[in-house]
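Novice: Sharing upload.txt here; it has compact mmCIF, C-alpha atoms and all ligand atoms.
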# COMPACT_ATOMS: atom_id res chain seq x y z
CA MET A 691 -29.81 -85.48 16.00
CA ALA A 692 -29.20 -83.43 12.87
CA SER A 693 -29.98 -84.76 9.42
CA PHE A 694 -27.15 -86.24 7.35
CA LEU A 695 -28.66 -84.89 4.13
CA ASN A 696 -26.54 -82.49 2.15
CA SER A 697 -28.38 -79.18 2.14
CA GLU A 698 -26.21 -77.94 -0.71
CA ARG A 699 -27.32 -80.78 -2.93
CA PRO A 700 -30.83 -81.83 -1.93
CA PRO A 701 -31.99 -85.20 -3.30
CA VAL A 702 -33.61 -84.81 -6.71
CA PHE A 703 -35.51 -87.68 -8.30
CA CYS A 704 -38.44 -87.80 -10.74
CA PRO A 705 -41.76 -86.92 -9.08
CA GLY A 706 -43.12 -89.92 -7.17
CA CYS A 707 -39.84 -91.86 -7.29
CA THR A 708 -39.51 -94.05 -4.20
CA HIS A 709 -35.74 -93.53 -4.14
CA LYS A 710 -36.70 -90.43 -2.15
CA ASN A 711 -38.30 -92.65 0.50
CA VAL A 712 -35.10 -94.66 0.75
CA THR A 713 -33.00 -91.50 1.02
CA GLU A 714 -35.12 -90.24 3.89
CA ALA A 715 -35.26 -93.64 5.59
CA LEU A 716 -31.47 -93.99 5.44
CA ASP A 717 -31.07 -90.52 6.91
CA LYS A 718 -33.47 -91.41 9.70
CA ALA A 719 -31.72 -94.73 10.39
CA LEU A 720 -28.33 -93.01 10.69
CA GLN A 721 -29.83 -90.51 13.11
CA GLN A 722 -31.49 -93.28 15.16
CA LEU A 723 -28.18 -95.06 15.53
CA GLY A 724 -26.51 -91.87 16.78
CA LEU A 725 -23.67 -92.20 14.30
CA ALA A 726 -21.30 -89.37 13.47
CA ALA A 727 -20.94 -88.47 9.80
CA GLN A 728 -17.27 -89.42 9.79
CA GLU A 729 -18.16 -92.94 10.97
CA VAL A 730 -20.25 -93.65 7.86
CA VAL A 731 -19.25 -94.43 4.26
CA ILE A 732 -21.84 -94.61 1.50
CA VAL A 733 -20.60 -96.58 -1.49
CA SER A 734 -22.93 -96.00 -4.41
CA ASP A 735 -23.22 -97.95 -7.63
CA ILE A 736 -24.20 -96.49 -11.02
CA GLY A 737 -27.69 -95.36 -11.99
CA CYS A 738 -30.23 -93.38 -9.99
CA SER A 739 -29.17 -95.23 -6.83
CA GLY A 740 -25.67 -94.01 -7.64
CA LEU A 741 -26.66 -90.47 -6.73
CA PHE A 742 -26.90 -91.32 -3.03
CA ASP A 743 -23.29 -90.55 -2.20
CA THR A 744 -23.80 -86.90 -3.18
CA PHE A 745 -26.92 -86.48 -1.08
CA PHE A 746 -25.32 -87.31 2.27
CA ASN A 747 -22.73 -85.52 4.35
CA THR A 748 -20.75 -88.70 5.01
CA HIS A 749 -17.69 -90.29 3.47
CA ALA A 750 -18.53 -91.58 0.01
CA LEU A 751 -17.19 -93.59 -2.91
CA HIS A 752 -18.75 -93.79 -6.36
CA GLY A 753 -17.15 -96.29 -8.71
CA LEU A 754 -17.82 -98.60 -11.63
CA HIS A 755 -21.15 -100.20 -12.44
CA GLY A 756 -21.74 -103.41 -10.50
CA ARG A 757 -18.54 -103.15 -8.45
CA ALA A 758 -19.78 -101.24 -5.38
CA LEU A 759 -19.58 -104.29 -3.11
CA THR A 760 -15.92 -104.82 -3.97
CA TYR A 761 -14.96 -101.27 -3.00
CA ALA A 762 -17.08 -101.51 0.12
CA THR A 763 -15.39 -104.76 1.17
CA GLY A 764 -11.97 -103.15 0.77
CA ILE A 765 -12.98 -100.13 2.82
CA LYS A 766 -14.41 -102.30 5.58
CA MET A 767 -11.31 -104.52 5.68
CA ALA A 768 -9.03 -101.48 5.93
CA ARG A 769 -11.20 -99.49 8.34
CA PRO A 770 -13.34 -101.95 10.33
CA GLU A 771 -14.58 -99.22 12.66
CA LEU A 772 -16.56 -97.55 9.85
CA LYS A 773 -20.19 -98.32 8.99
CA VAL A 774 -20.22 -99.06 5.28
CA ILE A 775 -23.51 -98.82 3.39
CA VAL A 776 -23.88 -99.75 -0.26
CA THR A 777 -26.66 -98.47 -2.53
CA MET A 778 -27.24 -100.44 -5.72
CA GLY A 779 -30.04 -100.75 -8.20
CA ASP A 780 -31.34 -104.03 -9.55
CA GLY A 781 -29.31 -103.40 -12.73
CA GLY A 782 -25.99 -103.00 -10.93
CA LEU A 783 -26.82 -106.00 -8.81
CA GLY A 784 -27.06 -108.10 -11.97
CA ILE A 785 -23.91 -106.61 -13.50
CA GLY A 786 -22.01 -107.32 -10.29
CA GLY A 787 -23.76 -110.62 -9.62
CA ALA A 788 -20.58 -112.54 -8.86
CA HIS A 789 -19.58 -109.85 -6.35
CA LEU A 790 -22.98 -110.18 -4.69
CA LEU A 791 -22.49 -113.93 -4.30
CA SER A 792 -18.92 -113.52 -3.02
CA THR A 793 -20.04 -110.94 -0.46
CA CYS A 794 -22.82 -113.25 0.76
CA ARG A 795 -20.32 -116.11 1.08
CA ARG A 796 -17.83 -113.96 2.99
CA ASN A 797 -20.18 -112.08 5.33
CA PRO A 798 -18.35 -108.75 5.71
CA ASP A 799 -20.08 -106.20 7.89
CA LEU A 800 -21.72 -104.22 5.06
CA THR A 801 -25.29 -103.10 4.57
CA LEU A 802 -26.56 -103.41 1.02
CA LEU A 803 -29.66 -101.42 0.09
CA VAL A 804 -31.00 -102.79 -3.19
CA LEU A 805 -33.15 -100.09 -4.77
CA ASN A 806 -35.13 -102.58 -6.74
CA ASN A 807 -37.49 -100.98 -9.25
CA PHE A 808 -37.37 -103.69 -11.95
CA ASN A 809 -35.62 -101.70 -14.66
CA TYR A 810 -32.62 -99.60 -15.63
CA GLY A 811 -34.35 -96.28 -14.92
CA MET A 812 -31.52 -93.86 -15.69
CA THR A 813 -30.75 -95.24 -19.14
CA GLY A 814 -34.30 -95.48 -20.48
CA GLY A 815 -36.16 -98.29 -18.73
CA GLN A 816 -34.50 -101.39 -20.17
CA CYS A 817 -35.14 -104.73 -18.50
CA SER A 818 -32.98 -105.67 -15.54
CA PRO A 819 -32.42 -109.00 -13.77
CA THR A 820 -35.55 -108.42 -11.62
CA THR A 821 -37.98 -107.33 -14.36
CA PRO A 822 -41.12 -109.52 -14.34
CA PRO A 823 -41.66 -111.36 -17.64
CA ASP A 824 -45.05 -109.70 -18.16
CA ALA A 825 -43.69 -106.15 -17.81
CA VAL A 826 -43.50 -103.72 -20.73
CA VAL A 827 -40.00 -102.25 -20.80
CA GLY A 828 -37.74 -100.29 -23.10
CA SER A 829 -35.84 -103.33 -24.35
CA GLY A 830 -38.63 -105.06 -26.26
CA PHE A 831 -39.47 -108.66 -25.47
CA LEU A 832 -36.18 -109.62 -23.79
CA ASN A 833 -37.63 -109.81 -20.28
CA ARG A 834 -40.06 -112.46 -21.52
CA LEU A 835 -37.09 -114.76 -22.06
CA GLU A 836 -35.78 -114.67 -18.49
CA ILE A 837 -36.82 -115.65 -14.98
CA PRO A 838 -36.55 -112.63 -12.67
CA LEU A 839 -33.88 -112.84 -9.99
CA ASP A 840 -35.31 -113.27 -6.49
CA VAL A 841 -32.79 -111.26 -4.43
CA VAL A 842 -33.96 -112.79 -1.15
CA LYS A 843 -33.73 -116.39 -2.29
CA VAL A 844 -30.37 -115.92 -3.96
CA THR A 845 -28.68 -114.03 -1.12
CA ARG A 846 -30.04 -116.38 1.53
CA ALA A 847 -28.84 -119.39 -0.44
CA ALA A 848 -25.43 -117.75 -0.93
CA GLY A 849 -24.93 -117.14 2.80
CA ALA A 850 -26.01 -113.58 3.62
CA GLY A 851 -26.48 -113.25 7.38
CA PHE A 852 -29.36 -110.76 7.29
CA VAL A 853 -31.95 -110.55 4.51
CA SER A 854 -35.06 -108.38 4.37
CA ARG A 855 -37.56 -107.48 1.69
CA LEU A 856 -40.05 -104.66 1.94
CA ALA A 857 -41.59 -101.87 -0.10
CA ALA A 858 -39.91 -98.47 -0.14
CA HIS A 859 -43.00 -96.67 1.17
CA ARG A 860 -43.30 -98.85 4.32
CA PRO A 861 -43.05 -96.77 7.51
CA GLU A 862 -40.74 -99.39 9.09
CA LEU A 863 -38.10 -98.97 6.35
CA ALA A 864 -35.86 -96.74 8.51
CA ASP A 865 -35.99 -99.27 11.38
CA GLU A 866 -35.17 -102.12 9.02
CA ILE A 867 -32.16 -100.22 7.61
CA ALA A 868 -30.99 -99.43 11.16
CA LYS A 869 -31.24 -103.13 12.08
CA GLY A 870 -29.25 -104.01 8.97
CA ILE A 871 -26.54 -101.50 9.86
CA GLU A 872 -26.36 -102.81 13.43
CA PHE A 873 -26.13 -106.43 12.28
CA GLU A 874 -22.53 -107.66 12.42
CA GLY A 875 -22.25 -109.29 9.02
CA PHE A 876 -23.59 -108.84 5.53
CA SER A 877 -27.12 -107.48 5.50
CA VAL A 878 -29.15 -107.26 2.31
CA ILE A 879 -32.31 -105.17 2.24
CA ASP A 880 -34.25 -105.69 -0.96
CA ILE A 881 -36.31 -102.52 -1.20
CA TRP A 882 -39.03 -102.68 -3.83
CA GLY A 883 -39.89 -99.33 -5.29
CA ILE A 884 -41.65 -97.49 -8.07
CA CYS A 885 -39.88 -95.74 -10.94
CA PRO A 886 -42.51 -93.36 -12.34
CA GLY A 887 -39.97 -91.85 -14.72
CA ARG A 888 -39.69 -95.08 -16.70
CA TYR A 889 -41.21 -98.25 -15.36
CA SER A 890 -44.69 -97.29 -14.12
CA ARG A 891 -45.38 -95.24 -17.25
CA ARG A 892 -45.92 -98.51 -19.03
CA ASN A 893 -46.70 -100.84 -16.13
CA LYS A 894 -49.42 -100.30 -13.56
CA LEU A 895 -47.70 -100.37 -10.22
CA THR A 896 -49.03 -98.88 -7.00
CA PRO A 897 -47.87 -99.23 -3.39
CA LYS A 898 -50.77 -101.65 -2.89
CA SER A 899 -49.94 -103.87 -5.87
CA LEU A 900 -46.28 -103.78 -4.91
CA GLU A 901 -47.11 -105.04 -1.44
CA ALA A 902 -49.37 -107.73 -2.86
CA ARG A 903 -46.45 -109.00 -4.95
CA ILE A 904 -44.14 -109.03 -1.94
CA GLU A 905 -46.80 -110.83 0.15
CA ALA A 906 -46.91 -113.60 -2.43
CA LEU A 907 -43.18 -114.27 -2.01
CA GLU A 908 -41.01 -115.84 0.67
CA LYS A 909 -40.99 -113.63 3.78
CA ALA A 910 -37.68 -112.05 4.74
CA SER A 911 -37.10 -109.79 7.70
CA GLY A 912 -33.78 -109.90 9.49
CA PRO A 913 -31.12 -112.43 10.49
CA VAL A 914 -30.99 -115.73 8.62
CA ALA A 915 -30.38 -118.24 11.41
CA GLU A 916 -28.37 -120.74 9.38
CA ASN A 917 -26.12 -117.98 7.96
CA VAL A 918 -25.32 -116.06 11.15
CA ARG A 919 -21.60 -116.47 11.81
CA GLU A 920 -18.41 -114.59 12.52
CA GLU A 921 -17.98 -111.44 10.49
CA TYR A 922 -15.45 -111.80 7.63
CA GLY A 923 -12.99 -109.08 8.69
CA ALA A 924 -12.95 -110.21 12.33
CA HIS A 925 -12.52 -113.82 11.20
CA TYR A 926 -9.73 -112.83 8.81
CA ARG A 927 -7.88 -110.87 11.48
CA ARG A 928 -8.26 -113.72 14.00
CA LEU A 929 -6.80 -116.29 11.59
CA ALA A 930 -4.14 -113.91 10.28
CA ALA A 931 -2.98 -113.24 13.85
CA GLY A 932 -2.10 -116.94 14.18
CA GLN A 933 0.07 -116.95 11.04
CA GLU A 934 3.84 -116.65 11.00
CA PRO A 935 4.60 -113.04 10.11
CA ALA A 936 6.10 -112.66 6.65
CA ARG A 937 9.86 -112.31 6.86
CA PRO A 938 11.07 -108.88 5.79
CA PRO A 939 13.35 -108.93 2.73
CA ARG A 940 17.01 -109.26 3.62
CA PRO A 941 18.88 -106.13 2.59
CA VAL A 942 21.72 -106.57 0.12
CA LYS A 943 24.87 -104.86 1.34
CA ALA A 944 26.83 -102.85 -1.20
CA VAL A 945 30.41 -103.96 -0.50
CA PHE A 946 32.09 -104.21 -3.92
CA GLU A 947 33.21 -101.88 -6.66
CA PRO A 948 31.69 -102.84 -10.03
CA PRO A 949 34.28 -103.71 -12.72
CA GLN A 950 32.79 -100.93 -14.88
CA LYS A 951 30.80 -98.05 -13.36
CA ARG A 952 28.30 -97.68 -16.20
CA PRO A 953 24.81 -98.86 -17.13
CA TRP A 954 24.51 -102.36 -18.58
CA ARG A 955 21.57 -103.69 -20.58
CA VAL A 956 21.76 -107.47 -20.59
CA LEU A 957 19.45 -109.71 -22.60
CA VAL A 958 19.34 -113.43 -21.75
CA LEU A 959 17.80 -115.67 -24.42
CA GLY A 960 17.15 -119.18 -23.17
CA ARG A 961 14.47 -121.78 -22.81
CA ALA A 962 12.39 -123.25 -20.03
CA GLY A 963 14.47 -125.41 -17.68
CA GLN A 964 17.66 -123.35 -17.96
CA ARG A 965 16.83 -121.30 -14.84
CA VAL A 966 17.06 -118.11 -16.87
CA VAL A 967 14.81 -116.13 -14.52
CA THR A 968 16.84 -117.25 -11.48
CA ALA A 969 20.05 -116.25 -13.24
CA GLY A 970 18.50 -112.86 -13.97
CA GLU A 971 17.72 -112.49 -10.31
CA LEU A 972 21.31 -113.43 -9.41
CA LEU A 973 22.67 -110.83 -11.81
CA CYS A 974 20.45 -108.16 -10.22
CA LEU A 975 21.59 -109.21 -6.74
CA ALA A 976 25.21 -109.16 -7.89
CA ALA A 977 24.75 -105.62 -9.22
CA MET A 978 23.24 -104.59 -5.90
CA THR A 979 26.31 -105.90 -4.03
CA ALA A 980 28.18 -103.19 -5.95
CA GLY A 981 25.59 -100.51 -5.08
CA MET A 982 23.94 -100.53 -8.49
CA HIS A 983 20.24 -100.29 -9.31
CA ALA A 984 18.76 -103.27 -11.14
CA THR A 985 15.53 -104.18 -12.92
CA GLN A 986 14.41 -107.47 -14.40
CA LYS A 987 11.71 -108.03 -17.01
CA ASN A 988 10.86 -111.64 -17.90
CA ASP A 989 9.11 -113.10 -20.92
CA TYR A 990 8.01 -116.72 -21.03
CA PRO A 991 4.88 -118.58 -22.10
CA ILE A 992 2.50 -120.38 -19.73
CA THR A 993 3.96 -123.78 -20.68
CA VAL A 994 6.06 -125.73 -18.19
CA LEU A 995 9.50 -127.06 -19.27
CA ARG A 996 8.83 -125.98 -22.84
CA GLY A 997 9.20 -122.74 -24.79
CA HIS A 998 11.37 -119.64 -24.59
CA SER A 999 12.56 -117.92 -21.45
CA VAL A 1000 13.86 -114.41 -21.92
CA CYS A 1001 15.13 -111.87 -19.38
CA GLU A 1002 15.83 -108.20 -19.88
CA LEU A 1003 18.11 -106.86 -17.15
CA VAL A 1004 19.08 -103.26 -16.67
CA LEU A 1005 21.90 -102.54 -14.20
CA SER A 1006 22.89 -98.97 -13.55
CA PRO A 1007 24.69 -96.72 -11.06
CA GLU A 1008 21.65 -94.39 -11.50
CA PRO A 1009 17.98 -95.24 -10.81
CA VAL A 1010 16.42 -97.16 -13.73
CA ASP A 1011 13.34 -95.44 -15.14
CA TYR A 1012 12.46 -97.95 -17.86
CA THR A 1013 12.74 -101.73 -17.57
CA GLY A 1014 12.71 -102.60 -21.29
CA ILE A 1015 15.73 -102.92 -23.58
CA ASP A 1016 15.85 -101.78 -27.18
CA VAL A 1017 19.55 -102.30 -27.93
CA PRO A 1018 21.37 -104.48 -25.38
CA ASP A 1019 25.04 -104.17 -24.45
CA VAL A 1020 25.35 -107.89 -23.75
CA VAL A 1021 23.30 -110.74 -25.18
CA ILE A 1022 23.53 -114.21 -23.64
CA ALA A 1023 22.21 -116.70 -26.21
CA LEU A 1024 21.58 -120.05 -24.56
CA ALA A 1025 18.84 -121.74 -26.59
CA PRO A 1026 17.26 -121.60 -30.07
CA GLU A 1027 13.85 -120.85 -28.48
CA GLY A 1028 15.04 -117.62 -26.87
CA VAL A 1029 17.10 -116.63 -29.95
CA ALA A 1030 14.04 -117.12 -32.18
CA ARG A 1031 11.95 -115.02 -29.80
CA ARG A 1032 14.27 -112.02 -30.22
CA LYS A 1033 15.83 -112.76 -33.61
CA ALA A 1034 15.46 -109.15 -34.77
CA VAL A 1035 17.73 -107.86 -32.02
CA PHE A 1036 20.97 -109.22 -33.53
CA GLN A 1037 20.83 -106.81 -36.49
CA ARG A 1038 20.46 -103.86 -34.14
CA LEU A 1039 23.52 -104.63 -32.01
CA LYS A 1040 26.44 -102.19 -32.10
CA PRO A 1041 30.03 -103.32 -32.80
CA ASP A 1042 30.93 -102.74 -29.13
CA CYS A 1043 28.16 -105.11 -27.95
CA LEU A 1044 29.04 -108.61 -26.84
CA VAL A 1045 27.10 -111.76 -27.69
CA LEU A 1046 28.00 -114.65 -25.42
CA ARG A 1047 26.53 -117.71 -27.04
CA ASP A 1048 26.39 -121.37 -26.22
CA ALA A 1049 28.76 -122.98 -28.72
CA GLU A 1050 25.90 -125.16 -29.95
CA VAL A 1051 23.42 -122.31 -30.48
CA SER A 1052 23.33 -120.50 -33.83
CA ILE A 1053 22.51 -116.82 -34.08
CA ALA A 1054 21.80 -114.44 -36.95
CA SER A 1055 24.73 -112.45 -38.32
CA THR A 1056 25.46 -109.38 -36.24
CA PRO A 1057 27.92 -106.47 -36.14
CA ALA A 1058 28.58 -107.29 -32.46
CA GLU A 1059 31.54 -109.23 -31.08
CA VAL A 1060 30.54 -112.88 -30.63
CA LEU A 1061 32.07 -115.17 -28.04
CA ALA A 1062 31.21 -118.90 -28.08
CA VAL A 1063 31.31 -120.74 -24.76
CA ASP A 1064 31.34 -124.52 -24.57
CA PHE A 1065 29.35 -125.37 -21.45
CA ARG A 1066 29.54 -129.10 -22.14
CA LYS A 1067 33.35 -129.04 -22.10
CA ALA A 1068 33.09 -127.52 -18.62
CA ARG A 1069 30.61 -130.30 -17.70
CA ILE A 1070 27.79 -127.85 -16.96
CA LYS A 1071 24.24 -129.26 -16.98
CA ALA A 1072 21.66 -127.53 -19.18
CA ALA A 1073 19.81 -126.32 -16.07
CA ASP A 1074 22.95 -124.39 -15.05
CA HIS A 1075 23.82 -122.84 -18.42
CA ALA A 1076 22.39 -119.43 -17.49
CA LEU A 1077 24.33 -119.27 -14.22
CA ALA A 1078 27.45 -120.53 -15.99
CA ALA A 1079 27.08 -117.77 -18.59
CA LEU A 1080 27.08 -115.19 -15.79
CA ALA A 1081 30.22 -116.82 -14.41
CA ALA A 1082 31.81 -116.63 -17.87
CA LEU A 1083 31.19 -112.88 -17.86
CA ALA A 1084 32.37 -112.55 -14.26
CA PHE A 1085 35.71 -114.29 -14.91
CA ARG A 1086 36.24 -111.80 -17.77
CA ASN A 1087 35.42 -108.98 -15.29
CA LEU A 1088 32.70 -107.83 -17.60
CA VAL A 1089 29.44 -106.46 -16.10
CA LEU A 1090 30.16 -108.22 -12.78
CA SER A 1091 33.08 -109.68 -10.89
CA PRO A 1092 33.43 -113.24 -9.53
CA ALA A 1093 33.14 -111.85 -5.98
CA MET A 1094 29.86 -110.09 -6.83
CA LEU A 1095 28.44 -113.27 -8.36
CA LYS A 1096 29.47 -115.45 -5.44
CA ALA A 1097 27.97 -112.95 -2.98
CA ALA A 1098 24.72 -113.03 -4.96
CA VAL A 1099 24.67 -116.84 -4.87
CA GLU A 1100 25.30 -116.81 -1.12
CA HIS A 1101 22.52 -114.28 -0.60
CA ARG A 1102 20.00 -116.18 -2.73
CA PHE A 1103 20.67 -119.84 -1.84
CA GLN A 1104 21.40 -121.93 1.21
CA GLY A 1105 22.78 -125.39 1.95
CA ALA A 1106 23.31 -127.89 -0.85
CA VAL A 1107 21.76 -125.60 -3.49
CA ARG A 1108 24.23 -122.84 -2.60
CA ALA A 1109 27.17 -125.28 -2.72
CA ALA A 1110 26.07 -126.62 -6.11
CA ALA A 1111 25.67 -123.09 -7.53
CA LEU A 1112 29.11 -122.04 -6.26
CA ALA A 1113 30.58 -125.17 -7.87
CA VAL A 1114 29.03 -124.12 -11.22
CA VAL A 1115 30.63 -120.68 -10.84
CA GLU A 1116 34.02 -122.22 -10.03
CA ALA A 1117 33.76 -124.63 -12.96
CA MET A 1118 33.73 -121.59 -15.27
CA SER A 1119 36.89 -120.07 -13.79
CA GLY A 1120 38.81 -121.35 -16.80
CA GLY A 1121 36.55 -119.23 -19.02
CA GLY A 1122 34.49 -122.00 -20.65
S1 LIG B 1201 -35.65 -92.67 -13.64
FE1 LIG B 1201 -36.88 -93.87 -12.20
S2 LIG B 1201 -35.44 -94.44 -10.59
FE2 LIG B 1201 -34.55 -92.76 -11.71
S3 LIG B 1201 -35.12 -90.94 -10.61
FE3 LIG B 1201 -36.63 -91.22 -12.22
S4 LIG B 1201 -38.24 -92.40 -11.28
FE4 LIG B 1201 -36.49 -92.55 -9.96
Let's see the structure in the file written out as structure tokens.
Ligand code: SF4

Specialist:
Amino acid sequence: MASFLNSERPPVFCPGCTHKNVTEALDKALQQLGLAAQEVVIVSDIGCSGLFDTFFNTHALHGLHGRALTYATGIKMARPELKVIVTMGDGGLGIGGAHLLSTCRRNPDLTLLVLNNFNYGMTGGQCSPTTPPDAVVGSGFLNRLEIPLDVVKVTRAAGAGFVSRLAAHRPELADEIAKGIEFEGFSVIDIWGICPGRYSRRNKLTPKSLEARIEALEKASGPVAENVREEYGAHYRRLAAGQEPARPPRPVKAVFEPPQKRPWRVLVLGRAGQRVVTAGELLCLAAMTAGMHATQKNDYPITVLRGHSVCELVLSPEPVDYTGIDVPDVVIALAPEGVARRKAVFQRLKPDCLVLRDAEVSIASTPAEVLAVDFRKARIKAADHALAALAALAFRNLVLSPAMLKAAVEHRFQGAVRAAALAVVEAMSGGG
């Protein structure tokens, strides 16, 4: 079978770099498996191992440092038929450490080649998470302060289904990579290599001494019996198939004429507990029953039942390109918290703007027309003030009509909640 190596961009590494061995072994493994180029994706990390995607005539993705496993997982979930191989250095492995652990825990069918040469080679030989404490590196004494990460121990403990460790010059490397690719689950191959460009200039490291170090550690060659289990994507699809399918959104039928065929920018200033966001949604739905476009932008803090709740709503016969509001046409002021949040807006209002305010809520002086509504006189609970304010507009045939609002309520709610909301709307028929 023909080589997968890109003849237009032959692999170039520093003389003696064992990344070349890994490049050739991966090429050989792909050939052994009889894969077609379009069946393979190489996701490379950053650094010298990040050059791999350009050296192979396969699909490729080169992204942010430490994140290669996240991209690879997404690719594998979307296209399970592809063989996805990730090349990362020991530096990227540390930067994306949480992603490594998550991938081990999940067991997606990915093959991770860790090109482990104990330093950040490309950036000048700084210490990485696998640098031995006695090494001399380009970042001073920092490696003396840390315990090197044992990739085998960590990935086994985290749940990787297949874990191997061997030196990059070993003749069986291609076979080991092929086994990893064939394994249905997450395979990690910790490939120890030599970086003559940076690391072995200051640290004596030969194939023999490398092997002696590996020999002294826990052996790792293939499936990890206690971690072998169903592959993540297959498991996901099996469980997802048993779930109720998500209901498609119900279309809103455009059956009414709007009272005014023009854009409206409506700002609702309330507080938590007044169902401001739900009222905003109802106003958007009401606009849609008249064939208008609608956008909603909410602003509230993380607190529950406390703090401001503000909605910016844009309704328009034309598509809405921007969801924010600089100068509203209508302001609904329902609570001091929301009014304080947007206190500057009142000065900007034009004389033809309308402020509909709760009779008990004070606002700053404004050139706009101000209409006070007494929700208490209409026996409206605080939680319904926002809906009641919409009804007050509707019964003035301003922005929306009562029929539009009732249709929105009927679309949004069912049963007792719908009946209660319709009763709030009716209670405002006298104008409030
Ligand atoms: S810097 Fe090190 S890892 Fe990078 S190409 Fe040179 S020898 Fe290889």

Novice: Which residues come within 8 Å of stretch 981-997 of chain A, counting all atoms listed in the file, excluding same-chain residues fewer than 2 positions away, as an mmCIF file with C-alpha atoms, keeping the file's coordinate frame?

Specialist:
data_model
loop_
_atom_site.group_PDB
_atom_site.id
_atom_site.type_symbol
_atom_site.label_atom_id
_atom_site.label_comp_id
_atom_site.auth_asym_id
_atom_site.auth_seq_id
_atom_site.Cartn_x
_atom_site.Cartn_y
_atom_site.Cartn_z
ATOM 1 C CA LYS A 943 24.870 -104.860 1.340
ATOM 2 C CA ALA A 944 26.830 -102.850 -1.200
ATOM 3 C CA VAL A 945 30.410 -103.960 -0.500
ATOM 4 C CA PHE A 946 32.090 -104.210 -3.920
ATOM 5 C CA GLU A 947 33.210 -101.880 -6.660
ATOM 6 C CA ARG A 961 14.470 -121.780 -22.810
ATOM 7 C CA ALA A 962 12.390 -123.250 -20.030
ATOM 8 C CA GLY A 963 14.470 -125.410 -17.680
ATOM 9 C CA VAL A 967 14.810 -116.130 -14.520
ATOM 10 C CA GLY A 970 18.500 -112.860 -13.970
ATOM 11 C CA GLU A 971 17.720 -112.490 -10.310
ATOM 12 C CA CYS A 974 20.450 -108.160 -10.220
ATOM 13 C CA LEU A 975 21.590 -109.210 -6.740
ATOM 14 C CA ALA A 977 24.750 -105.620 -9.220
ATOM 15 C CA MET A 978 23.240 -104.590 -5.900
ATOM 16 C CA THR A 979 26.310 -105.900 -4.030
ATOM 17 C CA SER A 999 12.560 -117.920 -21.450
ATOM 18 C CA VAL A 1000 13.860 -114.410 -21.920
ATOM 19 C CA CYS A 1001 15.130 -111.870 -19.380
ATOM 20 C CA GLU A 1002 15.830 -108.200 -19.880
ATOM 21 C CA LEU A 1003 18.110 -106.860 -17.150
ATOM 22 C CA VAL A 1004 19.080 -103.260 -16.670
ATOM 23 C CA LEU A 1005 21.900 -102.540 -14.200
ATOM 24 C CA SER A 1006 22.890 -98.970 -13.550
ATOM 25 C CA PRO A 1007 24.690 -96.720 -11.060
ATOM 26 C CA GLU A 1008 21.650 -94.390 -11.500
ATOM 27 C CA PRO A 1009 17.980 -95.240 -10.810
ATOM 28 C CA VAL A 1010 16.420 -97.160 -13.730
ATOM 29 C CA THR A 1013 12.740 -101.730 -17.570
ATOM 30 C CA GLY A 1014 12.710 -102.600 -21.290
ATOM 31 C CA GLU A 1027 13.850 -120.850 -28.480
#

Novice: Neighbours of A:Thr777 within 9 Å (only C-alpha atoms; same-chain residues fewer than 3 positions away dropped), as a count of residues only?

Specialist: 14

Novice: In Å to one decimal, how far is atom CA of A:His998 from atom CA of A:Ala1025?

Specialist: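 Separating atom CA of A:Ala1025 from atom CA of A:His998 is a distance of 8.0 Å.
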
Novice: List all protein, DNA and RNA residues that have an atom no more than 8 Å from any atom of ligand LIG 1201 (chain B), counting all atoms listed in the file, and report them as a PDB file with C-alpha atoms, in the coordinates of the input.

Specialist:
ATOM      1  CA  VAL A 702     -33.610 -84.810  -6.710  1.00  0.00           C
ATOM      2  CA  PHE A 703     -35.510 -87.680  -8.300  1.00  0.00           C
ATOM      3  CA  CYS A 704     -38.440 -87.800 -10.740  1.00  0.00           C
ATOM      4  CA  PRO A 705     -41.760 -86.920  -9.080  1.00  0.00           C
ATOM      5  CA  GLY A 706     -43.120 -89.920  -7.170  1.00  0.00           C
ATOM      6  CA  CYS A 707     -39.840 -91.860  -7.290  1.00  0.00           C
ATOM      7  CA  THR A 708     -39.510 -94.050  -4.200  1.00  0.00           C
ATOM      8  CA  HIS A 709     -35.740 -93.530  -4.140  1.00  0.00           C
ATOM      9  CA  GLY A 737     -27.690 -95.360 -11.990  1.00  0.00           C
ATOM     10  CA  CYS A 738     -30.230 -93.380  -9.990  1.00  0.00           C
ATOM     11  CA  SER A 739     -29.170 -95.230  -6.830  1.00  0.00           C
ATOM     12  CA  ASN A 807     -37.490-100.980  -9.250  1.00  0.00           C
ATOM     13  CA  TYR A 810     -32.620 -99.600 -15.630  1.00  0.00           C
ATOM     14  CA  GLY A 811     -34.350 -96.280 -14.920  1.00  0.00           C
ATOM     15  CA  MET A 812     -31.520 -93.860 -15.690  1.00  0.00           C
ATOM     16  CA  THR A 813     -30.750 -95.240 -19.140  1.00  0.00           C
ATOM     17  CA  GLY A 814     -34.300 -95.480 -20.480  1.00  0.00           C
ATOM     18  CA  GLY A 815     -36.160 -98.290 -18.730  1.00  0.00           C
ATOM     19  CA  ILE A 884     -41.650 -97.490  -8.070  1.00  0.00           C
ATOM     20  CA  CYS A 885     -39.880 -95.740 -10.940  1.00  0.00           C
ATOM     21  CA  PRO A 886     -42.510 -93.360 -12.340  1.00  0.00           C
ATOM     22  CA  GLY A 887     -39.970 -91.850 -14.720  1.00  0.00           C
ATOM     23  CA  ARG A 888     -39.690 -95.080 -16.700  1.00  0.00           C
ATOM     24  CA  TYR A 889     -41.210 -98.250 -15.360  1.00  0.00           C
TER      25      TYR A 889
END
